[in-house]
file coords_25.txt (compact mmCIF, N, CA and C atoms)
# COMPACT_ATOMS: atom_id res chain seq x y z
N MET A 1 -5.62 -16.50 6.13
CA MET A 1 -6.68 -15.92 6.92
C MET A 1 -6.18 -14.65 7.62
N ARG A 2 -4.94 -14.67 8.06
CA ARG A 2 -4.36 -13.52 8.76
C ARG A 2 -4.27 -12.32 7.81
N ILE A 3 -3.92 -12.54 6.56
CA ILE A 3 -3.83 -11.45 5.58
C ILE A 3 -5.21 -10.84 5.38
N LEU A 4 -6.23 -11.66 5.27
CA LEU A 4 -7.59 -11.16 5.11
C LEU A 4 -7.99 -10.29 6.30
N SER A 5 -7.65 -10.72 7.51
CA SER A 5 -7.96 -9.94 8.71
C SER A 5 -7.27 -8.59 8.68
N VAL A 6 -6.02 -8.56 8.26
CA VAL A 6 -5.28 -7.30 8.18
C VAL A 6 -5.90 -6.38 7.13
N VAL A 7 -6.27 -6.93 6.00
CA VAL A 7 -6.90 -6.14 4.94
C VAL A 7 -8.22 -5.56 5.43
N LEU A 8 -9.03 -6.36 6.09
CA LEU A 8 -10.30 -5.87 6.62
C LEU A 8 -10.09 -4.78 7.66
N LEU A 9 -9.09 -4.93 8.51
CA LEU A 9 -8.79 -3.91 9.51
C LEU A 9 -8.36 -2.61 8.86
N ILE A 10 -7.54 -2.68 7.84
CA ILE A 10 -7.10 -1.48 7.12
C ILE A 10 -8.29 -0.79 6.47
N CYS A 11 -9.18 -1.55 5.86
CA CYS A 11 -10.38 -0.97 5.24
C CYS A 11 -11.26 -0.29 6.27
N LEU A 12 -11.43 -0.93 7.41
CA LEU A 12 -12.25 -0.36 8.48
C LEU A 12 -11.64 0.94 8.99
N LEU A 13 -10.36 0.94 9.24
CA LEU A 13 -9.70 2.15 9.72
C LEU A 13 -9.74 3.26 8.69
N SER A 14 -9.61 2.93 7.44
CA SER A 14 -9.68 3.93 6.37
C SER A 14 -11.07 4.55 6.31
N ALA A 15 -12.10 3.75 6.44
CA ALA A 15 -13.47 4.26 6.40
C ALA A 15 -13.73 5.17 7.59
N GLN A 16 -13.24 4.79 8.77
CA GLN A 16 -13.45 5.62 9.95
C GLN A 16 -12.73 6.95 9.82
N SER A 17 -11.50 6.94 9.33
CA SER A 17 -10.76 8.19 9.23
C SER A 17 -11.34 9.09 8.15
N ALA A 18 -11.99 8.49 7.15
CA ALA A 18 -12.59 9.30 6.09
C ALA A 18 -13.76 10.11 6.62
N ILE A 19 -14.38 9.68 7.71
CA ILE A 19 -15.53 10.35 8.27
C ILE A 19 -15.12 11.25 9.44
N ALA A 20 -13.88 11.17 9.89
CA ALA A 20 -13.43 11.98 11.01
C ALA A 20 -13.45 13.45 10.61
N GLY A 21 -14.13 14.25 11.41
CA GLY A 21 -14.23 15.67 11.10
C GLY A 21 -13.95 16.52 12.33
N ASP A 22 -14.00 17.80 12.13
CA ASP A 22 -13.74 18.78 13.18
C ASP A 22 -15.09 19.30 13.71
N ILE A 23 -15.34 19.05 14.99
CA ILE A 23 -16.63 19.43 15.59
C ILE A 23 -16.85 20.93 15.54
N GLU A 24 -15.82 21.71 15.85
CA GLU A 24 -15.97 23.17 15.84
C GLU A 24 -16.29 23.70 14.44
N LYS A 25 -15.61 23.17 13.45
CA LYS A 25 -15.92 23.57 12.07
C LYS A 25 -17.32 23.11 11.67
N GLY A 26 -17.72 21.95 12.17
CA GLY A 26 -19.06 21.45 11.91
C GLY A 26 -20.13 22.34 12.53
N ALA A 27 -19.85 22.87 13.73
CA ALA A 27 -20.80 23.78 14.39
C ALA A 27 -20.97 25.06 13.57
N LYS A 28 -19.87 25.54 13.02
CA LYS A 28 -19.95 26.73 12.16
C LYS A 28 -20.73 26.42 10.88
N ALA A 29 -20.46 25.27 10.29
CA ALA A 29 -21.17 24.88 9.06
C ALA A 29 -22.65 24.67 9.33
N PHE A 30 -22.99 24.23 10.54
CA PHE A 30 -24.39 23.97 10.88
C PHE A 30 -25.22 25.25 10.91
N LYS A 31 -24.59 26.39 11.01
CA LYS A 31 -25.33 27.65 11.03
C LYS A 31 -26.22 27.79 9.81
N LYS A 32 -25.80 27.25 8.68
CA LYS A 32 -26.64 27.27 7.47
C LYS A 32 -27.87 26.38 7.66
N CYS A 33 -27.71 25.32 8.41
CA CYS A 33 -28.80 24.37 8.65
C CYS A 33 -29.79 24.90 9.69
N ALA A 34 -29.29 25.78 10.56
CA ALA A 34 -30.08 26.24 11.71
C ALA A 34 -31.30 27.06 11.32
N SER A 35 -31.35 27.54 10.09
CA SER A 35 -32.55 28.26 9.68
C SER A 35 -33.75 27.31 9.59
N CYS A 36 -33.49 26.03 9.40
CA CYS A 36 -34.57 25.04 9.28
C CYS A 36 -34.56 23.99 10.39
N HIS A 37 -33.43 23.83 11.09
CA HIS A 37 -33.29 22.77 12.10
C HIS A 37 -32.76 23.33 13.41
N SER A 38 -33.37 22.91 14.53
CA SER A 38 -32.76 23.15 15.84
C SER A 38 -31.92 21.93 16.17
N ILE A 39 -31.02 22.07 17.13
CA ILE A 39 -30.17 20.92 17.47
C ILE A 39 -29.95 20.78 18.97
N GLU A 40 -30.64 21.54 19.79
CA GLU A 40 -30.49 21.39 21.24
C GLU A 40 -31.53 20.41 21.77
N ALA A 41 -31.22 19.80 22.90
CA ALA A 41 -32.15 18.86 23.53
C ALA A 41 -33.47 19.56 23.79
N GLY A 42 -34.55 18.97 23.36
CA GLY A 42 -35.87 19.55 23.55
C GLY A 42 -36.18 20.71 22.62
N GLY A 43 -35.30 20.95 21.65
CA GLY A 43 -35.52 22.05 20.71
C GLY A 43 -36.75 21.83 19.85
N LYS A 44 -37.34 22.93 19.44
CA LYS A 44 -38.57 22.82 18.66
C LYS A 44 -38.28 22.47 17.21
N LYS A 45 -39.29 21.93 16.56
CA LYS A 45 -39.18 21.68 15.13
C LYS A 45 -39.37 23.02 14.42
N LYS A 46 -38.73 23.13 13.29
CA LYS A 46 -38.88 24.31 12.44
C LYS A 46 -39.43 23.79 11.11
N ASN A 47 -38.92 24.27 10.00
CA ASN A 47 -39.28 23.67 8.71
C ASN A 47 -38.79 22.23 8.63
N GLY A 48 -37.74 21.94 9.38
CA GLY A 48 -37.20 20.59 9.48
C GLY A 48 -37.23 20.14 10.92
N PRO A 49 -36.98 18.86 11.16
CA PRO A 49 -37.03 18.33 12.52
C PRO A 49 -35.83 18.78 13.36
N ASN A 50 -35.98 18.68 14.67
CA ASN A 50 -34.87 18.89 15.58
C ASN A 50 -33.85 17.78 15.32
N LEU A 51 -32.58 18.12 15.26
CA LEU A 51 -31.56 17.13 14.94
C LEU A 51 -30.75 16.67 16.15
N TYR A 52 -31.15 17.07 17.35
CA TYR A 52 -30.44 16.61 18.54
C TYR A 52 -30.55 15.09 18.62
N ASP A 53 -29.43 14.44 18.85
CA ASP A 53 -29.35 12.98 19.01
C ASP A 53 -29.80 12.21 17.76
N VAL A 54 -29.63 12.82 16.61
CA VAL A 54 -30.11 12.22 15.36
C VAL A 54 -29.47 10.86 15.07
N PHE A 55 -28.24 10.65 15.52
CA PHE A 55 -27.59 9.36 15.24
C PHE A 55 -28.06 8.25 16.16
N ASN A 56 -28.68 8.59 17.27
CA ASN A 56 -29.09 7.57 18.23
C ASN A 56 -30.59 7.31 18.25
N ARG A 57 -31.38 8.14 17.63
CA ARG A 57 -32.84 7.98 17.75
C ARG A 57 -33.49 7.32 16.54
N GLY A 58 -32.79 7.22 15.44
CA GLY A 58 -33.37 6.59 14.25
C GLY A 58 -33.80 7.61 13.21
N ILE A 59 -33.95 7.14 12.00
CA ILE A 59 -34.31 8.00 10.87
C ILE A 59 -35.81 8.25 10.89
N ALA A 60 -36.19 9.49 10.64
CA ALA A 60 -37.61 9.90 10.53
C ALA A 60 -38.38 9.61 11.81
N THR A 61 -37.76 9.92 12.97
CA THR A 61 -38.41 9.62 14.24
C THR A 61 -38.54 10.82 15.17
N SER A 62 -38.30 12.03 14.69
CA SER A 62 -38.46 13.20 15.55
C SER A 62 -39.94 13.40 15.84
N GLU A 63 -40.29 13.31 17.10
CA GLU A 63 -41.70 13.38 17.51
C GLU A 63 -42.33 14.70 17.07
N GLY A 64 -43.49 14.60 16.46
CA GLY A 64 -44.25 15.78 16.06
C GLY A 64 -43.88 16.34 14.70
N PHE A 65 -42.89 15.75 14.03
CA PHE A 65 -42.53 16.24 12.70
C PHE A 65 -43.15 15.33 11.64
N LYS A 66 -43.72 15.93 10.62
CA LYS A 66 -44.36 15.16 9.55
C LYS A 66 -43.33 14.93 8.43
N TYR A 67 -42.87 13.71 8.34
CA TYR A 67 -41.89 13.33 7.32
C TYR A 67 -42.59 12.93 6.03
N SER A 68 -41.86 13.03 4.93
CA SER A 68 -42.42 12.59 3.65
C SER A 68 -42.55 11.07 3.66
N LYS A 69 -43.49 10.58 2.87
CA LYS A 69 -43.69 9.14 2.75
C LYS A 69 -42.43 8.47 2.23
N LYS A 70 -41.71 9.15 1.34
CA LYS A 70 -40.48 8.59 0.77
C LYS A 70 -39.43 8.37 1.86
N LEU A 71 -39.28 9.34 2.77
CA LEU A 71 -38.28 9.19 3.83
C LEU A 71 -38.72 8.11 4.83
N ILE A 72 -39.99 8.02 5.11
CA ILE A 72 -40.49 6.98 6.01
C ILE A 72 -40.23 5.60 5.42
N THR A 73 -40.46 5.45 4.13
CA THR A 73 -40.17 4.18 3.46
C THR A 73 -38.67 3.88 3.52
N PHE A 74 -37.85 4.89 3.28
CA PHE A 74 -36.40 4.74 3.37
C PHE A 74 -36.00 4.31 4.78
N ALA A 75 -36.63 4.91 5.80
CA ALA A 75 -36.32 4.59 7.19
C ALA A 75 -36.69 3.15 7.55
N ASN A 76 -37.70 2.61 6.89
CA ASN A 76 -38.07 1.21 7.13
C ASN A 76 -36.94 0.27 6.75
N ASP A 77 -36.21 0.62 5.70
CA ASP A 77 -35.08 -0.19 5.24
C ASP A 77 -33.77 0.21 5.90
N ASN A 78 -33.70 1.44 6.41
CA ASN A 78 -32.48 2.00 7.02
C ASN A 78 -32.88 2.67 8.33
N PRO A 79 -33.10 1.91 9.38
CA PRO A 79 -33.67 2.49 10.59
C PRO A 79 -32.75 3.44 11.36
N GLN A 80 -31.45 3.37 11.13
CA GLN A 80 -30.51 4.16 11.92
C GLN A 80 -29.53 4.90 11.01
N TRP A 81 -29.27 6.18 11.35
CA TRP A 81 -28.23 6.90 10.62
C TRP A 81 -26.87 6.34 10.99
N THR A 82 -26.03 6.16 10.00
CA THR A 82 -24.62 5.85 10.18
C THR A 82 -23.85 7.01 9.59
N PRO A 83 -22.58 7.18 9.94
CA PRO A 83 -21.81 8.26 9.32
C PRO A 83 -21.80 8.15 7.79
N GLU A 84 -21.70 6.94 7.28
CA GLU A 84 -21.66 6.76 5.83
C GLU A 84 -22.99 7.13 5.18
N LEU A 85 -24.08 6.74 5.80
CA LEU A 85 -25.40 7.06 5.27
C LEU A 85 -25.66 8.57 5.36
N MET A 86 -25.27 9.18 6.47
CA MET A 86 -25.43 10.63 6.61
C MET A 86 -24.57 11.36 5.58
N ASN A 87 -23.40 10.83 5.29
CA ASN A 87 -22.54 11.44 4.27
C ASN A 87 -23.25 11.44 2.92
N SER A 88 -23.87 10.32 2.58
CA SER A 88 -24.61 10.25 1.31
C SER A 88 -25.79 11.21 1.31
N TRP A 89 -26.48 11.33 2.44
CA TRP A 89 -27.62 12.24 2.57
C TRP A 89 -27.16 13.70 2.36
N LEU A 90 -26.08 14.06 3.05
CA LEU A 90 -25.60 15.43 2.94
C LEU A 90 -25.02 15.74 1.56
N GLU A 91 -24.46 14.74 0.93
CA GLU A 91 -23.90 14.93 -0.41
C GLU A 91 -25.00 15.26 -1.41
N ASN A 92 -26.12 14.54 -1.33
CA ASN A 92 -27.24 14.80 -2.23
C ASN A 92 -28.46 14.04 -1.71
N SER A 93 -29.25 14.72 -0.91
CA SER A 93 -30.40 14.06 -0.29
C SER A 93 -31.38 13.51 -1.31
N GLN A 94 -31.56 14.21 -2.41
CA GLN A 94 -32.51 13.77 -3.43
C GLN A 94 -32.02 12.53 -4.18
N LYS A 95 -30.72 12.38 -4.27
CA LYS A 95 -30.18 11.18 -4.91
C LYS A 95 -30.37 9.96 -4.00
N LEU A 96 -30.22 10.19 -2.69
CA LEU A 96 -30.37 9.09 -1.74
C LEU A 96 -31.84 8.72 -1.55
N VAL A 97 -32.72 9.72 -1.42
CA VAL A 97 -34.14 9.48 -1.20
C VAL A 97 -34.92 10.37 -2.16
N LYS A 98 -35.15 9.87 -3.35
CA LYS A 98 -35.89 10.63 -4.36
C LYS A 98 -37.29 10.95 -3.84
N GLY A 99 -37.65 12.23 -3.92
CA GLY A 99 -38.97 12.64 -3.49
C GLY A 99 -39.10 13.06 -2.04
N SER A 100 -37.99 13.05 -1.29
CA SER A 100 -38.09 13.53 0.09
C SER A 100 -38.23 15.05 0.06
N LYS A 101 -38.73 15.61 1.16
CA LYS A 101 -38.91 17.07 1.23
C LYS A 101 -37.56 17.78 1.33
N MET A 102 -36.60 17.16 1.96
CA MET A 102 -35.30 17.78 2.21
C MET A 102 -34.46 17.80 0.94
N ARG A 103 -33.90 18.96 0.68
CA ARG A 103 -33.00 19.10 -0.47
C ARG A 103 -31.71 19.71 0.03
N VAL A 104 -30.68 18.90 0.07
CA VAL A 104 -29.39 19.38 0.54
C VAL A 104 -28.30 18.80 -0.36
N LYS A 105 -27.30 19.63 -0.63
CA LYS A 105 -26.10 19.21 -1.36
C LYS A 105 -24.91 19.93 -0.76
N VAL A 106 -24.16 19.23 0.05
CA VAL A 106 -22.92 19.75 0.61
C VAL A 106 -21.80 19.17 -0.23
N LYS A 107 -21.18 20.02 -1.04
CA LYS A 107 -20.25 19.54 -2.06
C LYS A 107 -18.92 19.03 -1.50
N LYS A 108 -18.34 19.74 -0.54
CA LYS A 108 -17.00 19.39 -0.08
C LYS A 108 -17.03 18.24 0.94
N ASP A 109 -16.18 17.25 0.71
CA ASP A 109 -16.06 16.12 1.63
C ASP A 109 -15.76 16.60 3.05
N SER A 110 -14.85 17.55 3.18
CA SER A 110 -14.46 18.03 4.51
C SER A 110 -15.63 18.70 5.22
N ASP A 111 -16.47 19.43 4.50
CA ASP A 111 -17.64 20.05 5.11
C ASP A 111 -18.62 18.99 5.61
N ARG A 112 -18.82 17.95 4.83
CA ARG A 112 -19.70 16.86 5.26
C ARG A 112 -19.12 16.15 6.48
N ASP A 113 -17.83 15.88 6.46
CA ASP A 113 -17.17 15.22 7.59
C ASP A 113 -17.33 16.06 8.86
N ASN A 114 -17.16 17.37 8.74
CA ASN A 114 -17.27 18.26 9.89
C ASN A 114 -18.71 18.30 10.42
N LEU A 115 -19.67 18.37 9.51
CA LEU A 115 -21.07 18.35 9.93
C LEU A 115 -21.43 17.05 10.64
N ILE A 116 -20.95 15.95 10.11
CA ILE A 116 -21.22 14.65 10.73
C ILE A 116 -20.61 14.58 12.12
N ALA A 117 -19.38 15.05 12.27
CA ALA A 117 -18.74 15.07 13.60
C ALA A 117 -19.55 15.91 14.57
N TYR A 118 -20.02 17.05 14.13
CA TYR A 118 -20.83 17.91 14.99
C TYR A 118 -22.15 17.25 15.35
N LEU A 119 -22.85 16.69 14.36
CA LEU A 119 -24.12 16.02 14.62
C LEU A 119 -23.93 14.86 15.61
N GLN A 120 -22.85 14.11 15.44
CA GLN A 120 -22.58 13.00 16.36
C GLN A 120 -22.32 13.49 17.78
N SER A 121 -21.71 14.66 17.90
CA SER A 121 -21.38 15.19 19.23
C SER A 121 -22.60 15.72 19.97
N MET A 122 -23.67 15.97 19.24
CA MET A 122 -24.87 16.55 19.84
C MET A 122 -25.86 15.45 20.21
N GLY A 123 -25.73 14.96 21.42
CA GLY A 123 -26.70 13.97 21.89
C GLY A 123 -26.13 12.69 22.39
N GLN A 124 -24.84 12.61 22.53
CA GLN A 124 -24.27 11.35 23.00
C GLN A 124 -24.24 11.26 24.50

call {"tool": "encode", "arguments": {"input": "coords_25.txt", "output": "structure tokens"}}
result
Amino acid sequence: MRILSVVLLICLLSAQSAIAGDIEKGAKAFKKCASCHSIEAGGKKKNGPNLYDVFNRGIATSEGFKYSKKLITFANDNPQWTPELMNSWLENSQKLVKGSKMRVKVKKDSDRDNLIAYLQSMGQ
């Protein structure tokens, strides 16, 4: 049983470190996103929803933004963003939620990690 606990702990730590990113680099990378998304508290919606506090408020819940039916259905099964789920979204949003309005593909793992770190820092 002790070996199993150690293995689980190693897996957990590996998953957490895989998502660890640089907030400052994430802020720079977010500049590409800023044409469609605001990220400050109380920021207005643009072509996309405001992303402030996105990890704490739930998926498809930005007040006043009209989400696609596909994303709303996805949110029913996945009510909260996790770093792993956000990583999949940023890697290929259409693969994760076929038919959603958002189309994003961030190819580099490090860029996704940095964006996730930045998004997590905005709203805690």

call {"tool": "closest_residue", "arguments": {"input": "coords_25.txt", "among": "A:Lys46, A:His37, A:Lys32, A:Asp109", "to": "A:Phe65", "atoms": "only N, CA and C atoms"}}
result
A:Lys46

call {"tool": "atom_distance", "arguments": {"input": "coords_25.txt", "atom1": "atom C of A:Phe74", "atom2": "atom CA of A:Asn56"}}
result
15.5 Å

call {"tool": "atom_distance", "arguments": {"input": "coords_25.txt", "atom1": "atom CA of A:Lys105", "atom2": "atom N of A:Asn87"}}
result
11.0 Å

call {"tool": "atom_distance", "arguments": {"input": "coords_25.txt", "atom1": "atom CA of A:Asn50", "atom2": "atom CA of A:Ser38"}}
result
4.8 Å

call {"tool": "select_by_dssp", "arguments": {"input": "coords_25.txt", "residues": "stretch 40-102 of chain A", "states": "alpha helix (DSSP H)", "output": "list in words"}}
result
Val54, Phe55, Asn56, Arg57, Lys69, Lys70, Leu71, Ile72, Thr73, Phe74, Ala75, Asn76, Asp77, Pro83, Glu84, Leu85, Met86, Asn87, Ser88, Trp89, Leu90, Glu91, Ser93, Gln94, Lys95 and Leu96 of chain A

call {"tool": "residues_around", "arguments": {"input": "coords_25.txt", "residues": "A:Lys98", "least_positions_apart": "4", "cutoff": "8 Å", "atoms": "only N, CA and C atoms", "output": "list in words"}}
result
Lys70, Leu71, Ser93 and Gln94 of chain A

call {"tool": "closest_residue", "arguments": {"input": "coords_25.txt", "among": "A:Trp89, A:Pro83, A:Lys101, A:Cys36", "to": "A:Asp113", "atoms": "only C-alpha atoms"}}
result
A:Pro83

call {"tool": "closest_residue", "arguments": {"input": "coords_25.txt", "among": "A:Leu85, A:Ala60, A:Leu90, A:Ile23", "to": "A:Val106", "atoms": "only C-alpha atoms"}}
result
A:Leu90

call {"tool": "residues_around", "arguments": {"input": "coords_25.txt", "residues": "A:Gly26", "least_positions_apart": "2", "cutoff": "10 Å", "atoms": "only C-alpha atoms", "output": "list in words"}}
result
Gly21, Asp22, Ile23, Glu24, Lys28, Ala29, Phe30, Lys31, Ser110, Asp111, Arg112, Asp113, Asn114, Leu115, Ile116, Ala117, Tyr118, Leu119 and Ser121 of chain A
